[in-house]
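What's in query35.tsv: TSV, C-alpha atoms
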```
chain	number	residue	atom	x	y	z
A	94	MET	CA	137.82	59.95	78.44
A	95	ARG	CA	137.04	63.35	77.05
A	96	ASN	CA	133.34	62.51	76.77
A	97	ASN	CA	133.24	61.39	80.39
A	98	ARG	CA	134.76	64.68	81.53
A	99	VAL	CA	132.24	66.67	79.47
A	100	ALA	CA	129.42	64.57	80.90
A	101	LEU	CA	130.77	65.09	84.41
A	102	PHE	CA	130.73	68.88	84.09
A	103	ASP	CA	127.54	69.06	82.04
A	104	GLY	CA	125.12	71.48	83.65
A	105	ILE	CA	127.79	73.50	85.43
A	106	GLU	CA	128.22	77.05	84.25
A	107	GLU	CA	130.52	79.75	85.36
A	108	GLY	CA	129.23	81.02	88.68
A	109	GLY	CA	127.18	78.00	89.64
A	110	ILE	CA	125.12	75.03	88.59
A	111	ARG	CA	122.54	75.48	85.84
A	112	ALA	CA	119.16	73.90	86.46
A	113	SER	CA	117.95	71.37	84.00
A	114	SER	CA	115.63	72.79	81.39
A	115	SER	CA	112.53	70.80	82.49
A	116	TYR	CA	112.96	71.85	86.14
A	117	SER	CA	113.52	75.45	85.07
A	118	HIS	CA	110.41	75.31	82.91
A	119	GLU	CA	108.33	74.05	85.87
A	120	ILE	CA	109.62	76.87	88.06
A	121	ASP	CA	108.84	79.43	85.37
A	122	GLU	CA	105.31	78.04	84.95
A	123	HIS	CA	104.74	78.13	88.70
A	124	ASP	CA	106.04	81.72	88.95
A	125	ASN	CA	103.88	82.74	85.99
A	126	GLU	CA	100.78	81.18	87.56
A	127	ARG	CA	101.40	83.04	90.83
A	128	ALA	CA	101.97	86.26	88.94
A	129	VAL	CA	98.74	85.77	86.96
A	130	GLU	CA	96.79	85.10	90.18
A	131	GLY	CA	98.27	88.24	91.73
A	132	LEU	CA	97.30	90.26	88.67
A	133	GLN	CA	93.79	88.81	88.73
A	134	ASP	CA	93.42	89.84	92.37
A	135	ARG	CA	94.58	93.35	91.54
A	136	VAL	CA	92.27	93.59	88.53
A	137	ASN	CA	89.33	92.46	90.67
A	138	LEU	CA	90.22	95.02	93.33
A	139	LEU	CA	90.47	97.78	90.75
A	140	LYS	CA	87.16	96.69	89.23
A	141	ARG	CA	85.43	96.90	92.63
A	142	LEU	CA	87.04	100.26	93.32
A	143	SER	CA	85.97	101.67	89.96
A	144	GLY	CA	82.42	100.40	90.59
A	145	ASP	CA	82.39	102.10	93.99
A	146	ILE	CA	83.70	105.32	92.45
A	147	HIS	CA	81.01	105.14	89.77
A	148	GLU	CA	78.27	104.75	92.39
A	149	GLU	CA	79.68	107.66	94.39
A	150	VAL	CA	79.83	109.89	91.31
A	151	GLU	CA	76.24	109.00	90.41
A	152	SER	CA	75.14	109.82	93.95
A	153	HIS	CA	76.91	113.18	93.87
A	154	ASN	CA	75.42	113.99	90.45
A	155	ARG	CA	71.92	113.33	91.77
A	156	MET	CA	72.60	115.51	94.81
A	157	LEU	CA	73.95	118.32	92.61
A	158	ASP	CA	70.90	118.09	90.35
A	159	ARG	CA	68.61	118.44	93.36
A	160	MET	CA	70.63	121.39	94.62
A	161	GLY	CA	70.45	123.02	91.19
A	162	ASN	CA	66.68	122.58	91.08
A	163	ASP	CA	66.37	124.01	94.60
A	164	MET	CA	68.52	126.98	93.61
A	165	ASP	CA	66.39	127.63	90.52
A	166	ALA	CA	63.24	127.56	92.63
A	167	SER	CA	64.81	129.89	95.20
A	168	ARG	CA	65.94	132.26	92.46
A	169	GLY	CA	62.39	132.45	91.10
A	170	ILE	CA	60.94	133.14	94.53
A	171	LEU	CA	63.58	135.77	95.33
A	172	SER	CA	63.11	137.44	91.95
A	173	GLY	CA	59.38	137.83	92.57
A	174	THR	CA	60.02	139.07	96.08
A	175	MET	CA	62.57	141.62	94.87
A	176	ASP	CA	60.09	142.93	92.30
A	177	LYS	CA	57.55	143.43	95.10
A	178	PHE	CA	60.17	145.15	97.26
A	179	LYS	CA	61.01	147.51	94.43
A	180	MET	CA	57.37	148.51	94.14
A	181	VAL	CA	57.13	149.04	97.90
A	182	PHE	CA	60.39	150.98	98.04
A	183	GLU	CA	59.29	153.41	95.31
A	184	THR	CA	56.80	155.08	97.61
A	185	LYS	CA	58.28	157.12	100.46
A	186	SER	CA	55.61	156.12	102.96
A	187	SER	CA	56.44	152.47	102.41
A	188	ARG	CA	60.18	152.72	103.09
A	189	ARG	CA	59.70	151.88	106.74
A	190	MET	CA	57.60	148.85	105.80
A	191	PHE	CA	60.29	147.82	103.31
A	192	THR	CA	62.95	147.98	106.04
A	193	LEU	CA	60.85	145.78	108.32
A	194	VAL	CA	60.11	143.25	105.60
A	195	ALA	CA	63.74	143.19	104.42
A	196	SER	CA	64.90	142.59	107.99
A	197	PHE	CA	62.38	139.79	108.34
A	198	VAL	CA	63.55	138.17	105.10
A	199	VAL	CA	67.21	138.39	106.12
A	200	ILE	CA	66.45	136.86	109.52
A	201	PHE	CA	64.35	134.16	107.86
A	202	LEU	CA	67.13	133.29	105.39
A	203	VAL	CA	69.75	133.17	108.14
A	204	ILE	CA	67.60	130.84	110.22
A	205	TYR	CA	66.79	128.72	107.16
A	206	TYR	CA	70.44	128.22	106.21
A	207	LEU	CA	71.53	127.59	109.79
A	208	THR	CA	68.96	124.82	110.25
A	209	ARG	CA	69.91	122.97	107.04
```
In structure tokens, how does this file's structure come out?
Amino acid sequence: MRNNRVALFDGIEEGGIRASSSYSHEIDEHDNERAVEGLQDRVNLLKRLSGDIHEEVESHNRMLDRMGNDMDASRGILSGTMDKFKMVFETKSSRRMFTLVASFVVIFLVIYYLTR
């Protein structure tokens, strides 16, 4: 009689019915598979995002390199021009010419940077 009562209440725990171990194992496997698929989707998304970020960084690095080269070229040109202006400015008769040329250069640079 005692064995029948134990068999009758087998699988019942305090607070509810306990699932059989094979059914519980199947549920756990199914949940794990869904979780793995979700993680794979997230990993793939992160991989694509990191690839896009890498391409964007490479693009910006190339643009910055070009800008640096342009700035170096401009610096060389301006340095030579300033040396010529210094020579012109040293003579008093050429001060008026220097003012005209300096005004022209300023106007040219303003127009150049506004059109870029």
Figure out the distance between CA of Arg159 (chain A) and CA of Ile204 (chain A), please, to one decimal in Å. 21.0 Å
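With only C-alpha atoms as the atoms that count, the minimum distance from Met175 (chain A) to the choices A:Ile146, A:Val203, A:Gln133, A:Val198 is reached by A:Val198.
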Could you tell me how far CA of Gly161 (chain A) lies from CA of Lys177 (chain A), in Å and to one decimal?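 Interatomic distance, CA of Gly161 (chain A) to CA of Lys177 (chain A): 24.5 Å.
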Rounded to one decimal in Å, what is the spacing between CA of Thr174 (chain A) and CA of Val199 (chain A)?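 It comes out at 12.4 Å.
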